[in-house]
Structure formats: C-alpha cells, structure tokens
Amino acid sequence: MSETTTEHPAVENTGRGPLSMDELAAVIGHDIPAGAYVNLGIGQPTKIADHLPADADGHPTCILHTENGMLGMGPAAKGDQVDPDLTNAGKVPVTELPGAAYFHHADSFAMMRGGHLDVCVLGAYQVGANGDLANWHTGKPDDIPAVGGAMDLAIGAKDVYVMMTLFTKKGESKLVQACTYPLTGVACVSRVYTDYAIFDLQPDGVHVLATYGITLADLRDRVAVKLLG
Amino acid sequence: MSRAQVLQTADEAVAGIEDGSTVLVGGFGLAGMPFDLIDALIRQGAKDLTIVSNNAGNGDVGLAALLAAGQVRKVVCSFPRQADSWVFDGLYREGKIELELVPQGNLAERMRAAGAGIGAFFCPTAVGTPLADGKETREIDGRTYVLEYPIKGDYAFIAAYQADTLGNLIYRKTARNFGPVMATAARTTIAQVTEVVPVGTLDPEGVVTPSIFVDRIVPVEARHYTVQGAR
C-alpha cells in the first residue's frame, strides 16, 4: 500500500471521453519518479516506456528492469538494431542504454523479491478494493495457465501499479470488492490506472484521484466498491 | 569427471542421456535456447523426459520440436501458454503431457538452491494464491512465506557465447537468462557455444559461469534465428 495520503478531491475530467491506452500510458509515465527502478511487465504496460520523462540526452529519468535479465533497457529495436539475443520480457527485440547491465534469472528475481525494485506496472483481470491482484489465470477449466514473473513482481516491488480498462466488454467493473479470479498476490496493489479513473488504494479505502469522461457520481454507480475522494 | 570435455558435434555432447532424465533447458523464448543440443537430443531419442524451462516451446523449433517428437512426459515451467505454443497446447489438452506451473522467480531460485546445496527455502511469492495450495507456510518476522524445494537436473542444456577449453563461459546480452543458474543445478552440464577460445583468452573478471559447473562443451554455428513472432 502506498503511504501517500490523498487529501485533494477527485479531479473530474468530464469535457472529454475516457483515456485511450496511449493517453493512459502517458498519465502513468508522468507519475514514475525520476531515479526509480521500474519494471513494465509485458503487454499494455510496456507502452509506458514511450511516455517516460526524459533527461537532456533523451533517456528516461528512471531505469527500466526487464525480468529476463537487464537493467537500463532502451526502446524497441528497429531495423539493423534487432538482435535475437536482446529482448524484453514479452520477447520483443529491444535496445540497451548507456549504463545497462545484464544478469541471470536468479539475480533478476532477487531484485524483485528482495524489495529492490521501486515500481512495477502490471495488467489485471481484477483488482480487489484491498489491493488483491488477479492477472494470471481466468480459472476456466480449458484455460492453460501461465504465470511468468507476475507473482514475484506482485509481492516484491515497493509499489505495484495496475494498468487496465476499468470495465469488461460486458460492462462489469474490474475493480471489485473481492476478486473472483485466482489471485496473483494478496493486498499488493497501491494504484489502479484505468481509462475512466485513477484509484489510490489506501488503508482507509479506495480514493479516486481523477476521472475521465465520467462524473464521480456515475463512477460510483458503475463500480461496486465504496469510493472515497 | 572434473575437467570439461570439448566435443566436436552436438550428437557427441548429448550421448548417453537416459530415458526418464530431468533436463534443464536454458532460454527465454528463443534467446539463449540451446537449439543444437535439443535437435541432437531428438536424434538421440531419449524419452519419458522431464523438461525444466521457462517456456514450453515456441513455434515448431527447439523445445516445441522435442515435445512434438513425443519424448517429453512432463514440463516444469512458468509460462507455457503463448501465441505460438501450439505444440504444447495440443499435447496438454489431449492429456499427453504433464505440467507443473512454477512462478518464474521460484523456478530460478529452486534451481539456484539445488546448485548451492540448499535443502529448501521459504519464499514470499504465491502466498495466498492457488500455486501455494497444499504447501507448508511459515510466518517469519511478521511476513508469511511458502516452503519451496530445489529443482535438480540430471542434465542442463545451455547456450553461451564463448567458452574457453576449461569450460569457463561468458554469455551475450539477455541470452544469459537461465544459463548460469542451470549450469550449477545439474549433474552434467552441457554448453553449446558460438566460439571456443584458448585458456587465458577470457578476462577472469568477466567470467560468468566458472568452469567447475561445466562438463561438456560443443561449438555450434551461430544461429540465424528470427525473433519475428517469437513470443
């Protein structure tokens, strides 16, 4: 749980629609502190790499960790830069920045499990109001489960942020009072970034930091969790 | 055998692997995948194998080809389901292969423990999730941990960049991944390398896997595999 307290009322951005995934990535990127060691998982959160605050050389002010064994990961590789021996956790070819370091898997996961990583951003099927995370398995009998590094990141990073759409295709809220999908980690999520709203999970409850394309009142109608702020 | 053997072909390198062996296979997707050793194992024909690897095969090459050849009884891995894991998916759904799903950090640490002579360890990963069901837990200093046991291999297959003739290894970029850990955790570690160099060539400060962990070395042609679509 984040220790920052939220005393400001939620900012309602109603003169617009919900955030696109790129806009959402930019919002999260803006919140990543300079100097932080950050893991962006696989899939959607990797878009955040395109929106990180940069220094005078154009390099991110934070240092990206990729679970397959690298700190100082650079942008996706293009053309001649593509090297099959240099990929990110999603197996996408990437590049290295000055100051990069390579290491083996036990060291890479010691960085997570040992509490050295400042922030990770993960996708999710569901997030519980208490910070429970479900993102590895739908639990359907015919589904082949795959967990990768999600459980290690969930328990290891100092701050676990989730990036997801707020509603399923059927319109059900993915921020829930209690997760019904199999858990990835218990009470580990501190911040939930979605297309319709940003939530801060605090010991006293779920605070809304901002809404996009929806009023706070409508958000309360559609999310079956008590929302503060 | 104390000193590593330098062999000329991958077939010699995998000679003698018995049916029912546990083989640790390096690689993360295709990066660091010991393709030549796996292809040689297919030719060698050992069956009823347990394979420990991060993934359960990509496309129709490497581990996927070994699975398709019907030589594998069980896969221990963290991330079997991928866009191109159709060989594993088919065998799993037909009930022809067993899966032990292990969180990635546990996979690495359980092998590290095996290589370091650790009997078991308490770990915070997976607490409160189905992957900890039935496992012993303990509260230590206010936090709950799950008891995890080592994973030991009969053989480890790893792909490194350079070896000297003693067996010291260096790797290339993120192809390092599981190689250094697996090298410690098997009775017999077999490394395919892009180049074998004379003793004294590698900077001792830069050696990643010391020769004591390596039993057999075989130089192979640099593989011009593609990363396109490799997930």
# chains A, B, ... in the order shown; residues from 1 in each chain; ligands from 1
>>> residues_around(residues="Asp48 in chain B", least_positions_apart="5", cutoff="12 Å", atoms="only C-alpha atoms", output="CSV table (one decimal) with N, CA and C atoms, in the first residue's frame")
chain,number,residue,atom,x,y,z
B,17,ILE,N,22.4,-39.8,-22.7
B,17,ILE,CA,21.3,-39.3,-21.9
B,17,ILE,C,20.2,-40.4,-21.8
B,18,GLU,N,19.8,-40.7,-20.5
B,18,GLU,CA,19.0,-41.9,-20.3
B,18,GLU,C,17.5,-41.5,-20.4
B,19,ASP,N,16.7,-42.5,-20.7
B,19,ASP,CA,15.2,-42.3,-20.7
B,19,ASP,C,14.9,-41.9,-19.2
B,20,GLY,N,13.9,-41.1,-19.1
B,20,GLY,CA,13.4,-40.7,-17.7
B,20,GLY,C,14.3,-39.6,-17.1
B,21,SER,N,15.2,-39.0,-17.8
B,21,SER,CA,16.1,-38.0,-17.2
B,21,SER,C,15.3,-36.7,-17.1
B,22,THR,N,15.8,-35.9,-16.1
B,22,THR,CA,15.3,-34.5,-16.0
B,22,THR,C,16.4,-33.6,-16.7
B,23,VAL,N,15.9,-32.8,-17.6
B,23,VAL,CA,16.8,-31.9,-18.4
B,23,VAL,C,16.4,-30.5,-18.2
B,66,LEU,N,11.0,-31.0,-29.8
B,66,LEU,CA,11.2,-32.1,-28.8
B,66,LEU,C,9.9,-32.7,-28.3
B,67,LEU,N,9.0,-31.7,-27.9
B,67,LEU,CA,7.7,-32.1,-27.5
B,67,LEU,C,6.9,-32.9,-28.6
B,69,ALA,N,8.1,-34.6,-30.9
B,69,ALA,CA,8.6,-35.9,-31.1
B,69,ALA,C,8.2,-36.9,-30.0
B,70,GLY,N,7.4,-36.5,-29.1
B,70,GLY,CA,6.8,-37.4,-28.1
B,70,GLY,C,7.8,-37.9,-27.0
B,71,GLN,N,8.9,-37.1,-26.8
B,71,GLN,CA,9.9,-37.6,-25.9
B,71,GLN,C,9.8,-37.0,-24.5
B,72,VAL,N,8.7,-36.2,-24.3
B,72,VAL,CA,8.6,-35.5,-23.0
B,72,VAL,C,7.4,-35.9,-22.3
B,73,ARG,N,7.6,-36.3,-21.0
B,73,ARG,CA,6.4,-36.7,-20.2
B,73,ARG,C,5.9,-35.6,-19.4
B,74,LYS,N,6.8,-34.7,-18.9
B,74,LYS,CA,6.4,-33.6,-18.0
B,74,LYS,C,7.2,-32.3,-18.3
B,75,VAL,N,6.5,-31.2,-18.3
B,75,VAL,CA,7.2,-29.9,-18.4
B,75,VAL,C,7.0,-29.1,-17.1
B,96,LYS,N,-1.6,-35.6,-22.9
B,96,LYS,CA,-0.4,-36.3,-23.3
B,96,LYS,C,0.8,-35.8,-22.6
B,97,ILE,N,0.7,-34.7,-21.9
B,97,ILE,CA,1.9,-34.1,-21.2
B,97,ILE,C,1.4,-33.5,-19.9
B,98,GLU,N,2.3,-33.7,-18.9
B,98,GLU,CA,2.0,-33.2,-17.5
B,98,GLU,C,2.6,-31.8,-17.4
>>> residues_around(residues="range 159-172 of chain B", least_positions_apart="4", cutoff="6 Å", atoms="only C-alpha atoms", output="PyMOL selection string")
chain B and resi 4+32+34+176+191-199+207-211+214
>>> interface_residues(of="chain A", to="chain B", cutoff="7 Å", atoms="only C-alpha atoms", output="list in words")
Asn68, Gly69, Met70, Pro84, Asp85, Leu86, Thr87, Gly90, Lys91, Tyr102, His104, His105, Ala106, Phe109, Ile144, Pro145, Ala146, Val147, Gly148, Gly149, Met151, Asp152, Ile155, Pro182, Leu183, Thr184, Gly185 and Val186 of chain A
>>> closest_residue(among="A:Asp200, A:Glu12, A:Asp107, A:Asp159", to="Tyr37 in chain A", atoms="only C-alpha atoms")
A:Asp159
>>> select_by_dssp(residues="chain B", states="strand (DSSP E)", output="CSV table (one decimal) with C-alpha atoms, in the first residue's frame")
chain,number,residue,atom,x,y,z
B,5,GLN,CA,35.3,-32.1,-22.4
B,6,VAL,CA,35.3,-30.1,-25.7
B,22,THR,CA,15.3,-34.5,-16.0
B,23,VAL,CA,16.8,-31.9,-18.4
B,24,LEU,CA,17.1,-28.2,-17.5
B,25,VAL,CA,16.9,-26.3,-20.8
B,49,LEU,CA,11.9,-36.9,-20.1
B,50,THR,CA,11.1,-34.1,-17.7
B,51,ILE,CA,11.9,-30.7,-19.1
B,52,VAL,CA,12.5,-27.7,-16.9
B,72,VAL,CA,8.6,-35.5,-23.0
B,73,ARG,CA,6.4,-36.7,-20.2
B,74,LYS,CA,6.4,-33.6,-18.0
B,75,VAL,CA,7.2,-29.9,-18.4
B,76,VAL,CA,8.1,-27.7,-15.4
B,77,CYS,CA,7.8,-24.1,-16.5
B,98,GLU,CA,2.0,-33.2,-17.5
B,99,LEU,CA,2.5,-29.5,-16.5
B,100,GLU,CA,4.0,-28.2,-13.2
B,101,LEU,CA,3.5,-24.5,-13.3
B,121,PHE,CA,13.8,-22.2,1.3
B,122,PHE,CA,10.9,-20.0,2.5
B,123,CYS,CA,9.7,-17.6,-0.1
B,137,THR,CA,3.9,-21.9,5.1
B,138,ARG,CA,5.6,-20.2,8.0
B,139,GLU,CA,5.4,-16.7,9.4
B,140,ILE,CA,8.8,-15.1,9.8
B,143,ARG,CA,5.5,-12.0,6.9
B,144,THR,CA,4.1,-15.3,5.5
B,145,TYR,CA,6.4,-17.5,3.4
B,146,VAL,CA,5.9,-20.7,1.4
B,147,LEU,CA,8.3,-23.6,1.6
B,148,GLU,CA,9.9,-24.4,-1.8
B,153,GLY,CA,18.6,-31.7,-13.1
B,154,ASP,CA,20.3,-34.8,-14.4
B,155,TYR,CA,21.4,-32.7,-17.3
B,156,ALA,CA,21.5,-29.0,-18.1
B,157,PHE,CA,21.5,-27.7,-21.7
B,158,ILE,CA,22.7,-24.1,-22.0
B,159,ALA,CA,23.7,-21.8,-24.8
B,160,ALA,CA,26.6,-19.4,-24.1
B,161,TYR,CA,28.6,-17.1,-26.3
B,162,GLN,CA,32.2,-18.1,-25.6
B,163,ALA,CA,33.8,-20.9,-23.7
B,164,ASP,CA,37.5,-21.5,-23.1
B,169,LEU,CA,31.6,-19.3,-20.0
B,170,ILE,CA,30.5,-15.9,-21.0
B,186,ALA,CA,22.6,-30.4,-13.0
B,187,ARG,CA,24.8,-33.5,-12.5
B,188,THR,CA,26.0,-33.0,-16.1
B,189,THR,CA,26.0,-29.5,-17.7
B,190,ILE,CA,26.3,-29.3,-21.5
B,191,ALA,CA,27.0,-26.0,-23.1
B,192,GLN,CA,26.7,-25.1,-26.8
B,193,VAL,CA,28.8,-22.1,-27.6
B,194,THR,CA,29.3,-19.8,-30.6
B,195,GLU,CA,33.1,-20.0,-30.1
B,196,VAL,CA,35.7,-22.0,-28.1
B,197,VAL,CA,38.7,-19.9,-27.2
B,216,ARG,CA,30.8,-30.7,-21.9
B,217,ILE,CA,31.2,-28.0,-24.5
B,218,VAL,CA,30.4,-28.1,-28.1
B,219,PRO,CA,31.0,-25.2,-30.6
>>> atom_distance(atom1="CA of Ala54 in chain A", atom2="CA of Val208 in chain A")
27.8 Å
>>> select_by_dssp(residues="chain A", states="alpha helix (DSSP H)", output="number ranges by chain")
A: 21-31, 105-113, 150-156, 216-222
>>> atom_distance(atom1="CA of Ser85 in chain B", atom2="CA of Ala64 in chain B")
7.6 Å
>>> atom_distance(atom1="CA of Ala224 in chain A", atom2="CA of Ser20 in chain A")
23.2 Å
>>> closest_residue(among="A:Leu175, A:Ala34, A:Asn39, A:Leu19", to="Asp55 in chain A", atoms="only C-alpha atoms")
A:Ala34
>>> residues_around(residues="Gly156 in chain A", least_positions_apart="3", cutoff="7 Å", atoms="only C-alpha atoms", output="list in words")
Met112, Arg113, Gly114, Gly115, Asp152 and Leu153 of chain A
>>> write_last_selection(atoms="N, CA and C atoms", output="mmCIF file, in the first residue's frame")
data_model
loop_
_atom_site.group_PDB
_atom_site.id
_atom_site.type_symbol
_atom_site.label_atom_id
_atom_site.label_comp_id
_atom_site.auth_asym_id
_atom_site.auth_seq_id
_atom_site.Cartn_x
_atom_site.Cartn_y
_atom_site.Cartn_z
ATOM 1 N N MET A 112 13.486 -8.277 -7.587
ATOM 2 C CA MET A 112 12.061 -8.127 -7.247
ATOM 3 C C MET A 112 11.808 -8.570 -5.814
ATOM 4 N N ARG A 113 12.135 -9.832 -5.543
ATOM 5 C CA ARG A 113 11.740 -10.462 -4.283
ATOM 6 C C ARG A 113 12.464 -9.845 -3.102
ATOM 7 N N GLY A 114 13.642 -9.306 -3.350
ATOM 8 C CA GLY A 114 14.416 -8.688 -2.290
ATOM 9 C C GLY A 114 14.002 -7.245 -1.999
ATOM 10 N N GLY A 115 12.985 -6.762 -2.717
ATOM 11 C CA GLY A 115 12.463 -5.422 -2.443
ATOM 12 C C GLY A 115 13.306 -4.297 -3.009
ATOM 13 N N ASP A 152 5.999 -12.855 -8.578
ATOM 14 C CA ASP A 152 7.226 -12.320 -7.962
ATOM 15 C C ASP A 152 7.213 -10.800 -7.949
ATOM 16 N N LEU A 153 6.738 -10.208 -9.055
ATOM 17 C CA LEU A 153 6.623 -8.744 -9.102
ATOM 18 C C LEU A 153 5.603 -8.256 -8.088
#
>>> closest_residue(among="A:Asn13, A:Gln126, A:Thr61, A:Ser108", to="Gln177 in chain A", atoms="only C-alpha atoms")
A:Gln126
>>> residues_around(residues="Val160 in chain A", least_positions_apart="3", cutoff="12 Å", atoms="only C-alpha atoms", output="tab-separated table (two decimals) with N, CA and C atoms, in the first residue's frame")
chain	number	residue	atom	x	y	z
A	1	MET	N	0.83	-1.22	0.00
A	1	MET	CA	0.00	0.00	0.00
A	1	MET	C	0.86	1.26	0.00
A	2	SER	N	0.49	2.20	-0.81
A	2	SER	CA	1.20	3.48	-0.87
A	2	SER	C	0.99	4.22	0.45
A	32	ILE	N	5.85	8.26	-12.83
A	32	ILE	CA	7.02	7.44	-12.44
A	32	ILE	C	8.12	8.38	-11.97
A	38	VAL	N	12.27	0.48	-12.40
A	38	VAL	CA	10.88	0.24	-12.80
A	38	VAL	C	10.79	-0.98	-13.70
A	39	ASN	N	9.78	-1.81	-13.47
A	39	ASN	CA	9.50	-2.95	-14.35
A	39	ASN	C	8.12	-2.75	-14.96
A	40	LEU	N	8.05	-2.84	-16.30
A	40	LEU	CA	6.79	-2.59	-17.00
A	40	LEU	C	6.14	-3.88	-17.51
A	41	GLY	N	6.53	-5.02	-16.97
A	41	GLY	CA	5.84	-6.27	-17.28
A	41	GLY	C	5.82	-6.58	-18.77
A	112	MET	N	13.49	-8.28	-7.59
A	112	MET	CA	12.06	-8.13	-7.25
A	112	MET	C	11.81	-8.57	-5.81
A	115	GLY	N	12.99	-6.76	-2.72
A	115	GLY	CA	12.46	-5.42	-2.44
A	115	GLY	C	13.31	-4.30	-3.01
A	117	LEU	N	13.21	-3.26	-6.29
A	117	LEU	CA	12.53	-2.59	-7.39
A	117	LEU	C	11.54	-1.58	-6.83
A	118	ASP	N	11.54	-0.37	-7.37
A	118	ASP	CA	10.66	0.67	-6.81
A	118	ASP	C	9.22	0.53	-7.28
A	119	VAL	N	9.05	0.34	-8.57
A	119	VAL	CA	7.69	0.34	-9.14
A	119	VAL	C	7.59	-0.78	-10.17
A	120	CYS	N	6.46	-1.49	-10.19
A	120	CYS	CA	6.13	-2.29	-11.37
A	120	CYS	C	4.72	-1.94	-11.80
A	121	VAL	N	4.49	-2.08	-13.10
A	121	VAL	CA	3.15	-1.83	-13.65
A	121	VAL	C	2.69	-3.09	-14.35
A	122	LEU	N	1.56	-3.61	-13.92
A	122	LEU	CA	1.05	-4.87	-14.45
A	122	LEU	C	-0.36	-4.69	-14.99
A	123	GLY	N	-0.76	-5.55	-15.90
A	123	GLY	CA	-2.15	-5.63	-16.32
A	123	GLY	C	-2.94	-6.43	-15.29
A	124	ALA	N	-4.26	-6.47	-15.42
A	124	ALA	CA	-5.05	-7.24	-14.45
A	124	ALA	C	-6.40	-7.65	-15.03
A	127	VAL	N	-8.90	-6.24	-9.76
A	127	VAL	CA	-8.18	-5.76	-8.58
A	127	VAL	C	-9.20	-5.62	-7.45
A	131	GLY	N	-6.51	-4.29	-2.53
A	131	GLY	CA	-5.23	-4.40	-3.23
A	131	GLY	C	-4.90	-5.79	-3.73
A	132	ASP	N	-5.82	-6.75	-3.55
A	132	ASP	CA	-5.59	-8.08	-4.13
A	132	ASP	C	-5.51	-7.95	-5.65
A	133	LEU	N	-4.63	-8.75	-6.24
A	133	LEU	CA	-4.42	-8.71	-7.69
A	133	LEU	C	-4.73	-10.07	-8.31
A	150	ALA	N	4.76	-12.68	-12.78
A	150	ALA	CA	3.75	-11.80	-12.18
A	150	ALA	C	3.68	-11.92	-10.67
A	151	MET	N	3.75	-13.14	-10.15
A	151	MET	CA	3.62	-13.32	-8.69
A	151	MET	C	4.83	-12.75	-7.95
A	152	ASP	N	6.00	-12.86	-8.58
A	152	ASP	CA	7.23	-12.32	-7.96
A	152	ASP	C	7.21	-10.80	-7.95
A	153	LEU	N	6.74	-10.21	-9.06
A	153	LEU	CA	6.62	-8.74	-9.10
A	153	LEU	C	5.60	-8.26	-8.09
A	154	ALA	N	4.47	-8.97	-8.00
A	154	ALA	CA	3.38	-8.52	-7.14
A	154	ALA	C	3.81	-8.43	-5.68
A	155	ILE	N	4.60	-9.39	-5.22
A	155	ILE	CA	4.99	-9.38	-3.81
A	155	ILE	C	6.29	-8.61	-3.58
A	156	GLY	N	7.00	-8.29	-4.66
A	156	GLY	CA	8.35	-7.77	-4.47
A	156	GLY	C	8.51	-6.27	-4.66
A	157	ALA	N	7.85	-5.70	-5.68
A	157	ALA	CA	8.06	-4.28	-5.96
A	157	ALA	C	7.50	-3.44	-4.81
A	163	MET	N	-2.43	-1.24	-14.67
A	163	MET	CA	-2.93	-0.52	-15.84
A	163	MET	C	-3.94	-1.44	-16.51
A	184	THR	N	-3.08	-13.45	-7.87
A	184	THR	CA	-1.64	-13.38	-8.19
A	184	THR	C	-0.87	-12.99	-6.93
A	185	GLY	N	-1.46	-12.09	-6.16
A	185	GLY	CA	-0.84	-11.62	-4.93
A	185	GLY	C	-1.90	-11.01	-4.02
A	186	VAL	N	-1.60	-11.00	-2.73
A	186	VAL	CA	-2.55	-10.53	-1.72
A	186	VAL	C	-2.21	-9.10	-1.31
A	187	ALA	N	-3.20	-8.21	-1.36
A	187	ALA	CA	-3.06	-6.83	-0.85
A	187	ALA	C	-1.76	-6.17	-1.30
A	188	CYS	N	-1.48	-6.26	-2.58
A	188	CYS	CA	-0.19	-5.78	-3.08
A	188	CYS	C	-0.30	-4.53	-3.97
A	189	VAL	N	-1.48	-4.22	-4.50
A	189	VAL	CA	-1.62	-3.12	-5.45
A	189	VAL	C	-1.83	-1.81	-4.69
A	190	SER	N	-1.10	-0.77	-5.10
A	190	SER	CA	-1.26	0.52	-4.43
A	190	SER	C	-2.00	1.54	-5.32
A	191	ARG	N	-1.96	1.36	-6.61
A	191	ARG	CA	-2.54	2.36	-7.51
A	191	ARG	C	-3.16	1.63	-8.70
A	192	VAL	N	-4.36	2.04	-9.12
A	192	VAL	CA	-5.01	1.43	-10.27
A	192	VAL	C	-5.30	2.51	-11.31
A	193	TYR	N	-4.64	2.41	-12.45
A	193	TYR	CA	-4.81	3.36	-13.54
A	193	TYR	C	-5.73	2.74	-14.59
A	200	ASP	N	-6.41	5.34	-5.89
A	200	ASP	CA	-5.31	5.14	-4.95
A	200	ASP	C	-5.85	4.24	-3.83
A	201	LEU	N	-5.20	3.10	-3.62
A	201	LEU	CA	-5.69	2.17	-2.61
A	201	LEU	C	-4.95	2.42	-1.30
